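These notes are about the structure you will find just below.
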Amino acid sequence: MARLTGARPVATHRWGCAASAFLLLLLTVQAAQKADLSGDATAATINHSLTLLQRLQELLQNGNGSDSVLRVRTAASDEAKVFHTHQLLLSLQSEVFESLLHNQSTITLHEPPETAALFEKFIRYLYCGGVSILLHQAIPMHQLASKYRVWGLQRGVADYMKTHLASESSQGHVVGWYHYAVRIGDAALQESCLQFLAWNLSAVLGSAEWGSVSVELLLLLLERSDLVLHSELELYTAVESWLSRRQPEGPVAKRVLRAIRYPMIAPSQLFRLQAQSPVLARHYGAVQDLLFQAFQFHAASPLHFAKYFDVNCSMFLPRNYLAPSWGSQWVINNPARDDRSTSFQTQLGPSSHDAGKRVTWNVLFSPRWLPVSLRPVYSDSVSGAVQPVRIEDGRPRLVITPAMSSPDFAGVSFQKTVLVGVRQQGRVVVKHAYSFHQSSDEAADFLAHADLQKRTSEYLIDNSLHLHIIIKPIYHSLIKVKK
């Protein structure tokens, strides 16, 4: 703990210079050790770096040899936190501190309460190169690292945020992290948060953070076809809750409501929404044409409907729905053992005309499929010899095929999506989503980098592979007829 308000400890300039010189000497020796030891079989490294870190912590805690003082103030308090520090150590880590302390030994820093509360942790990192943080501390710590240009800490906090998206928190944190990433222009963190929200949206819709979603983020999510959720009705219900809470202006509400894919909702549910939804009643004029088109979609045969309306647009494209009529979950125990197979049924299409028709799908999983280039071949040099093949040369394979063909398939193609669930920070979340079209029976890159041979593989939950297979029927026009 850095010393706070109180009398400055007695220290001499000579002690501070000696400590600085000692530190520089140690850093120089460590950098030269590898070169000195190369090529000598009797070489050994004597490493007392932990002792050095302990001495540096004591240096900060006791203020011995301090040659600079940081006074941290907040607008909410008249009292300043005082840190007795060492200019060399601050300057080595931060070019901002190097500039601030160039011609003065005492500086006053103004920080908002959330960053001021972490300033002691921040200073300790500058001395020791390590810091422990919690979910709610990530943004203020990243702000401190960015403000004082401590690039290593900035990257470390950003990496922490990317790997802790699945962590449990009472109020949620991914939405807030996304908005922060947008403000600071961190495209990688922004995309990581957006993908996590899209693939695990059902968990977010019922959480406290759903109400904090910005208009921009909501519209970005609604335009995506890779959203993973139970049904389009679940999405509408969440959007209705968001609109009721936020009460946006009419143009915004219109854009949000027109992004719902009403043809993906059954007619009985659409009738209920028209009769019972206060949001829909208030903004009915904004979506009346879409609702009418949805009822037409369900009333006519898809082939007839496609003659007069463009079905090759997002409104008629299913998202990744987890309801049983769209696919099936498949938990494969001990997936490295041998080949497995399963089958399930889905409805032919989202139209009520096709809702009663079923398609049976057969699925084959192979844990060690070998591409042609790695399959055993006979050698010319030794008769009968076969090239050795290692188990790890193979990769998992998942093949999805319809059990039959039918004239009903005319005008319908199928996109297949395989979700892979993993356990992160105690929660099961979607880590990968593989999509491939009807023209292919499998995803070429399915778990290409997964090591299912190890029980500790990040892709296994209790030695089981958790998959959810989704079939997305897509209508397309066969005949174009002018209206």
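Ordered as shown in the structure tokens, chains take letters A, B, and onward, while each chain numbers its residues from 1 and ligands are numbered from 1 in the order shown.
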
**OP:** For A:Tyr321, please output as JSON, numbers by chain all residues within 6 Å (counting only C-alpha atoms; exclusion window: fewer than 3 positions along the same chain).
**Re:** {"A": [229, 230, 231]}

**OP:** Tell me which protein, DNA and RNA residues are within 10 Å of stretch 223-225 of chain A, counting only C-alpha atoms, leaving out same-chain ones fewer than 5 positions away, and put them as a ChimeraX atom specification.
**Re:** /A:198,218,256,259-261,314-315,317-320

Convert the current residue selection to file output with C-alpha atoms, as an mmCIF file, in the first residue's frame.
```cif
data_model
loop_
_atom_site.group_PDB
_atom_site.id
_atom_site.type_symbol
_atom_site.label_atom_id
_atom_site.label_comp_id
_atom_site.auth_asym_id
_atom_site.auth_seq_id
_atom_site.Cartn_x
_atom_site.Cartn_y
_atom_site.Cartn_z
ATOM 1 C CA ALA A 198 -25.091 -12.200 -30.938
ATOM 2 C CA LEU A 218 -29.745 -2.636 -30.822
ATOM 3 C CA VAL A 256 -36.390 -0.921 -34.421
ATOM 4 C CA ALA A 259 -36.100 -4.846 -38.068
ATOM 5 C CA ILE A 260 -38.174 -7.667 -36.553
ATOM 6 C CA ARG A 261 -38.651 -10.562 -38.992
ATOM 7 C CA SER A 314 -33.346 -10.646 -44.608
ATOM 8 C CA MET A 315 -37.061 -10.478 -43.694
ATOM 9 C CA LEU A 317 -34.180 -15.403 -43.621
ATOM 10 C CA PRO A 318 -34.359 -17.311 -40.308
ATOM 11 C CA ARG A 319 -31.933 -16.508 -37.553
ATOM 12 C CA ASN A 320 -30.299 -19.238 -35.426
#
```

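With distances restricted to only C-alpha atoms, A:Gln54 is the closest residue to A:Gly129 from A:Gln54, A:Gln274, A:Gln171, A:Ser457.
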
Subject >> Spatial neighbours of A:Leu280, 12 Å, only C-alpha atoms, chain gap at least 5 places, as a ChimeraX atom specification >> reply: /A:236-237,239-241,243-244,253-254,256-258,260,270-275,285-288,291

Original post:
Could you pull out all residues of stretch 266-398 of chain A with a DSSP call of alpha helix (DSSP H) and give them as a PyMOL selection string?
Top reply: chain A and resi 267-276+278-282+284-299+302-308

Subject >> Residues within 8 Å of A:Met161, only C-alpha atoms, excluding chain neighbours under 6 positions, as a count of residues only >> reply: 4

Subject >> Separation of atom CA of A:Asp289 from atom CA of A:Asp354 in Å >> reply: 22.8 Å

Subject >> Proximity to A:Tyr148 - best of A:Asp226, A:Asp67, A:Glu191, A:Glu95, only C-alpha atoms >> reply: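 Using only C-alpha atoms, A:Tyr148 sits closest to A:Glu95.
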
Original post:
Just how far from atom CA of A:Ile184 is atom CA of A:Leu220, in Å to one decimal?
Top reply: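 One can read the atom CA of A:Leu220 to atom CA of A:Ile184 distance as 18.3 Å.
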
Enumerate, in order of chain and increasing residue number, the residues of stretch 159-242 of chain A with an atom no farther than 9 Å from stretch 426-430 of chain A, each with its shortest atom pair and distance in Å to one decimal, counting only C-alpha atoms, as a Markdown table.
```
| residue | atom | partner | partner_atom | distance |
| --- | --- | --- | --- | --- |
| A:Ala166 | CA | A:Arg427 | CA | 6.6 |
| A:Ser167 | CA | A:Arg427 | CA | 7.3 |
| A:Glu168 | CA | A:Arg427 | CA | 7.8 |
| A:Phe196 | CA | A:Val430 | CA | 7.9 |
| A:Trp199 | CA | A:Val430 | CA | 6.0 |
| A:Asn200 | CA | A:Val430 | CA | 6.5 |
| A:Val228 | CA | A:Val430 | CA | 8.9 |
```

Would you export the selected residues with N, CA and C atoms as a PDB file, in the first residue's frame, please?
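Result written to out37.pdb:
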```pdb
ATOM      1  N   ALA A 166     -17.858 -14.014 -20.674  1.00  0.00           N
ATOM      2  CA  ALA A 166     -18.845 -14.974 -20.170  1.00  0.00           C
ATOM      3  C   ALA A 166     -18.975 -14.963 -18.660  1.00  0.00           C
ATOM      4  N   SER A 167     -18.184 -14.186 -17.966  1.00  0.00           N
ATOM      5  CA  SER A 167     -18.221 -14.192 -16.504  1.00  0.00           C
ATOM      6  C   SER A 167     -19.558 -13.691 -15.975  1.00  0.00           C
ATOM      7  N   GLU A 168     -19.983 -14.265 -14.856  1.00  0.00           N
ATOM      8  CA  GLU A 168     -21.222 -13.850 -14.219  1.00  0.00           C
ATOM      9  C   GLU A 168     -21.022 -12.508 -13.523  1.00  0.00           C
ATOM     10  N   PHE A 196     -20.104 -11.994 -29.072  1.00  0.00           N
ATOM     11  CA  PHE A 196     -20.571 -12.689 -27.876  1.00  0.00           C
ATOM     12  C   PHE A 196     -22.057 -12.403 -27.643  1.00  0.00           C
ATOM     13  N   TRP A 199     -24.194 -14.380 -30.265  1.00  0.00           N
ATOM     14  CA  TRP A 199     -24.241 -15.827 -30.101  1.00  0.00           C
ATOM     15  C   TRP A 199     -24.821 -16.264 -28.761  1.00  0.00           C
ATOM     16  N   ASN A 200     -24.980 -15.345 -27.827  1.00  0.00           N
ATOM     17  CA  ASN A 200     -25.520 -15.682 -26.512  1.00  0.00           C
ATOM     18  C   ASN A 200     -26.621 -14.695 -26.124  1.00  0.00           C
ATOM     19  N   VAL A 228     -28.390 -15.966 -31.922  1.00  0.00           N
ATOM     20  CA  VAL A 228     -28.790 -17.250 -31.349  1.00  0.00           C
ATOM     21  C   VAL A 228     -29.808 -16.977 -30.251  1.00  0.00           C
TER      22      VAL A 228
END
```

**OP:** Between atom CA of A:Asn334 and atom CA of A:Leu322, measure the distance and give it in Å to one decimal.
**Re:**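 So the answer is 24.0 Å.
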
Closest contacts (stretch 267-377 of chain A/stretch 395-415 of chain A, max 12 Å, only C-alpha atoms) as a Markdown table:
```
| residue | atom | partner | partner_atom | distance |
| --- | --- | --- | --- | --- |
| A:Ser301 | CA | A:Gly411 | CA | 10.5 |
| A:Pro302 | CA | A:Gly411 | CA | 7.7 |
| A:Leu303 | CA | A:Gly411 | CA | 6.4 |
| A:His304 | CA | A:Gly411 | CA | 10.1 |
| A:Phe305 | CA | A:Gly411 | CA | 10.8 |
| A:Ala306 | CA | A:Gly411 | CA | 8.7 |
| A:Lys307 | CA | A:Gly411 | CA | 10.9 |
| A:Val311 | CA | A:Gly411 | CA | 10.5 |
| A:Asn312 | CA | A:Val412 | CA | 11.3 |
| A:Phe316 | CA | A:Val412 | CA | 11.9 |
| A:Leu317 | CA | A:Gln415 | CA | 10.1 |
| A:Pro318 | CA | A:Gln415 | CA | 9.7 |
| A:Arg319 | CA | A:Gln415 | CA | 10.6 |
| A:Asn320 | CA | A:Gln415 | CA | 10.3 |
| A:Trp326 | CA | A:Phe414 | CA | 11.1 |
| A:Gly327 | CA | A:Gln415 | CA | 11.5 |
| A:Trp330 | CA | A:Leu398 | CA | 11.8 |
| A:Ile332 | CA | A:Leu398 | CA | 11.9 |
| A:Pro335 | CA | A:Pro396 | CA | 9.2 |
| A:Ala336 | CA | A:Pro396 | CA | 8.8 |
| A:Arg337 | CA | A:Pro396 | CA | 11.5 |
| A:Asp338 | CA | A:Pro396 | CA | 10.7 |
| A:Asp339 | CA | A:Arg397 | CA | 9.4 |
| A:Arg340 | CA | A:Leu398 | CA | 9.6 |
| A:Ser341 | CA | A:Val399 | CA | 9.4 |
| A:Thr342 | CA | A:Ile400 | CA | 9.8 |
| A:Ser343 | CA | A:Ala403 | CA | 8.8 |
| A:Phe344 | CA | A:Ala403 | CA | 9.9 |
| A:Gln345 | CA | A:Pro402 | CA | 9.5 |
| A:Thr346 | CA | A:Pro402 | CA | 10.4 |
| A:Gln347 | CA | A:Phe414 | CA | 11.3 |
| A:Leu348 | CA | A:Phe409 | CA | 7.8 |
| A:Gly349 | CA | A:Val412 | CA | 7.8 |
| A:Pro350 | CA | A:Val412 | CA | 10.7 |
| A:Ser351 | CA | A:Val412 | CA | 11.2 |
| A:His353 | CA | A:Asp408 | CA | 10.8 |
| A:Asp354 | CA | A:Asp408 | CA | 8.7 |
| A:Ala355 | CA | A:Asp408 | CA | 11.9 |
| A:Gly356 | CA | A:Asp408 | CA | 11.8 |
| A:Lys357 | CA | A:Asp408 | CA | 8.6 |
| A:Arg358 | CA | A:Asp408 | CA | 10.1 |
| A:Val359 | CA | A:Pro402 | CA | 7.0 |
| A:Thr360 | CA | A:Ala403 | CA | 5.4 |
| A:Trp361 | CA | A:Pro402 | CA | 4.5 |
| A:Asn362 | CA | A:Thr401 | CA | 5.4 |
| A:Val363 | CA | A:Ile400 | CA | 4.6 |
| A:Leu364 | CA | A:Val399 | CA | 5.1 |
| A:Phe365 | CA | A:Leu398 | CA | 4.6 |
| A:Ser366 | CA | A:Arg397 | CA | 5.0 |
| A:Pro367 | CA | A:Pro396 | CA | 4.2 |
| A:Arg368 | CA | A:Arg395 | CA | 5.0 |
| A:Trp369 | CA | A:Arg395 | CA | 5.4 |
| A:Leu370 | CA | A:Arg395 | CA | 6.5 |
| A:Pro371 | CA | A:Arg395 | CA | 8.4 |
| A:Leu374 | CA | A:Arg395 | CA | 10.8 |
```

**OP:** Would you mind listing what lies within 6 Å of A:His468 as a ChimeraX atom specification, with only C-alpha atoms counted and same-chain residues fewer than 4 positions away left out?
**Re:** /A:328-330,418-419

Writing out the chosen residues with all heavy atoms as a short mmCIF file (atom, residue, chain, number, x, y, z; two decimals), in the first residue's frame:
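Now in part-v1.cif:
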```
data_model
loop_
_atom_site.label_atom_id
_atom_site.label_comp_id
_atom_site.auth_asym_id
_atom_site.auth_seq_id
_atom_site.Cartn_x
_atom_site.Cartn_y
_atom_site.Cartn_z
N SER A 328 -31.70 -29.48 -33.35
CA SER A 328 -31.59 -30.40 -32.22
C SER A 328 -30.25 -30.22 -31.52
O SER A 328 -29.22 -29.97 -32.16
CB SER A 328 -31.73 -31.84 -32.70
OG SER A 328 -31.54 -32.75 -31.64
N GLN A 329 -30.27 -30.38 -30.21
CA GLN A 329 -29.04 -30.41 -29.44
C GLN A 329 -28.45 -31.81 -29.50
O GLN A 329 -29.19 -32.80 -29.54
CB GLN A 329 -29.30 -30.00 -27.99
CG GLN A 329 -28.04 -29.84 -27.15
CD GLN A 329 -28.36 -29.42 -25.73
OE1 GLN A 329 -29.47 -29.61 -25.25
NE2 GLN A 329 -27.39 -28.84 -25.04
N TRP A 330 -27.13 -31.91 -29.49
CA TRP A 330 -26.46 -33.21 -29.52
C TRP A 330 -25.25 -33.16 -28.61
O TRP A 330 -24.30 -32.43 -28.88
CB TRP A 330 -26.06 -33.57 -30.94
CG TRP A 330 -25.60 -35.01 -31.11
CD1 TRP A 330 -25.84 -36.05 -30.26
CD2 TRP A 330 -24.84 -35.55 -32.20
NE1 TRP A 330 -25.29 -37.20 -30.76
CE2 TRP A 330 -24.67 -36.93 -31.94
CE3 TRP A 330 -24.31 -35.01 -33.36
CZ2 TRP A 330 -23.96 -37.77 -32.80
CZ3 TRP A 330 -23.61 -35.84 -34.23
CH2 TRP A 330 -23.44 -37.21 -33.95
N VAL A 418 -23.92 -25.16 -37.09
CA VAL A 418 -23.55 -25.98 -35.94
C VAL A 418 -22.95 -25.06 -34.88
O VAL A 418 -21.93 -24.40 -35.12
CB VAL A 418 -22.54 -27.07 -36.33
CG1 VAL A 418 -22.19 -27.93 -35.11
CG2 VAL A 418 -23.09 -27.94 -37.45
N LEU A 419 -23.60 -25.00 -33.73
CA LEU A 419 -23.10 -24.21 -32.61
C LEU A 419 -22.31 -25.12 -31.68
O LEU A 419 -22.73 -26.25 -31.39
CB LEU A 419 -24.26 -23.59 -31.83
CG LEU A 419 -25.27 -22.75 -32.64
CD1 LEU A 419 -26.39 -22.27 -31.73
CD2 LEU A 419 -24.59 -21.58 -33.32
#
```

Subject >> From A:Glu98, A:Glu120, A:Glu114, A:Glu234, residue lying nearest A:Phe83 [only C-alpha atoms] >> reply: A:Glu120

Original post:
Restricting the calculation to only C-alpha atoms, which member of A:Tyr160, A:Trp210, A:Phe446, A:Tyr125 is positioned closest to A:Leu467?
Top reply: A:Phe446
